[in-house]
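Quick notes on the structure that follows.
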Amino acid sequence: MPPSTPAQPEPPVDADSASLRAILRHQASTVTVVTASGSPPVGFTATSFTSVSLEPPIVSFCLGLASSSWPTVSRSRHVAVHLLAHHQRKLARTFATSGVDRFAEPTRWRPGPQEVPILDGVLAWLLCRVVDRVTVGDHAIVLAEPELLRHADVGTPLLYHRGGYAGLDPAADRATVA
């Protein structure tokens, strides 16, 4: 049997916003919900959360300047970042939906340190002090220093990939630990 001929790669295209969005859909991201105290409190789903530095500990997330949460986050001294578990797709959708009360039932939460809303049942949460906000294009990069954190030792993270929510295979996760 003759060897197969490798498929020819697609030719490069201009890196406009539509092309970039299509490419970024191939990157799996952890799903988080960021909350801040306010009257009313605010929160939004973010897939841009990442570690920036360990010394000092700094994390970041991005938020659109047109977001209804931006005015509160732009003034907040503290925010909470919640890492969602695989089974929390509905919670992720709630905090990604505009025009709804994200903190109404069935969302379970409580006021935490600095009165920042803390969501119940998440894989982990970090209470962070905002240290800087950098405006880039139509978004702001928020840099924050974790001050308190709590994590669960069970569960797998909720991921966002190709425009939908996904998760890790728990069996594969256990095999990696073994």
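Labeling convention for the structure tokens: chains A, B, ... as they appear, residues from 1 per chain, ligands from 1 in order of appearance.
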Test item: residues at most 9 Å from A:Thr107, only C-alpha atoms, excluding those fewer than 5 positions along its chain, as a ChimeraX atom specification: /A:91,94,102,119-120
Could those residues be written to a file, using all heavy atoms, as a tab-separated table (two decimals), in the first residue's frame?
```
chain	number	residue	atom	x	y	z
A	91	LEU	N	-24.61	27.50	35.40
A	91	LEU	CA	-24.10	28.68	36.11
A	91	LEU	C	-23.26	29.54	35.15
A	91	LEU	O	-23.39	30.77	35.14
A	91	LEU	CB	-23.27	28.25	37.31
A	91	LEU	CG	-22.76	29.36	38.22
A	91	LEU	CD1	-23.92	30.13	38.86
A	91	LEU	CD2	-21.84	28.78	39.29
A	94	THR	N	-25.64	31.39	32.91
A	94	THR	CA	-26.32	32.47	33.64
A	94	THR	C	-25.44	33.71	33.70
A	94	THR	O	-25.90	34.82	33.41
A	94	THR	CB	-26.68	32.01	35.08
A	94	THR	OG1	-27.61	30.94	35.00
A	94	THR	CG2	-27.27	33.15	35.89
A	102	ARG	N	-28.24	37.73	37.68
A	102	ARG	CA	-27.33	36.59	37.77
A	102	ARG	C	-27.23	36.02	39.19
A	102	ARG	O	-26.82	34.88	39.36
A	102	ARG	CB	-25.95	37.00	37.26
A	102	ARG	CG	-26.00	37.40	35.79
A	102	ARG	CD	-24.74	38.07	35.34
A	102	ARG	NE	-24.85	38.40	33.91
A	102	ARG	CZ	-24.12	39.31	33.32
A	102	ARG	NH1	-23.21	39.99	34.00
A	102	ARG	NH2	-24.28	39.55	32.04
A	119	LEU	N	-19.46	32.45	45.15
A	119	LEU	CA	-20.38	31.43	44.66
A	119	LEU	C	-20.13	30.11	45.37
A	119	LEU	O	-18.98	29.73	45.62
A	119	LEU	CB	-20.20	31.25	43.15
A	119	LEU	CG	-20.39	32.51	42.30
A	119	LEU	CD1	-20.09	32.20	40.83
A	119	LEU	CD2	-21.80	33.06	42.46
A	120	ASP	N	-21.20	29.39	45.67
A	120	ASP	CA	-21.11	28.09	46.33
A	120	ASP	C	-20.86	26.98	45.32
A	120	ASP	O	-21.31	27.06	44.17
A	120	ASP	CB	-22.40	27.78	47.09
A	120	ASP	CG	-22.62	28.71	48.28
A	120	ASP	OD1	-21.65	29.31	48.76
A	120	ASP	OD2	-23.79	28.83	48.70
```
Polymer residues at most 7 Å from stretch 14-27 of chain A, only C-alpha atoms, same-chain spacing of 5 or more positions, as a ChimeraX atom specification: /A:161-163
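The nearest approach to A:His151 among the residues A:Ala92, A:Val31, A:Ala85, A:Ala46, with only C-alpha atoms taken into account, belongs to A:Ala85.
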Could you produce a table of the residues of stretch 60-143 of chain A lying within 6 Å of stretch 41-44 of chain A, with the nearest pair of atoms per residue and their separation in Å rounded to one decimal, using only C-alpha atoms, ordered by chain and increasing residue number, as CSV?
```
residue,atom,partner,partner_atom,distance
A:Ser69,CA,A:Val42,CA,5.6
A:Phe95,CA,A:Phe44,CA,4.7
A:Ala96,CA,A:Phe44,CA,5.8
```
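Excluding A:Pro56 itself and same-chain residues fewer than 4 positions from it, the residues having an atom within 10 Å of it are Val52, Glu145 and Pro146 of chain A, counting only C-alpha atoms.
Residue nearest A:Thr30, chosen from A:Thr97, A:Gln8, A:Ser51, A:Ser68 and counting only C-alpha atoms: A:Ser51.
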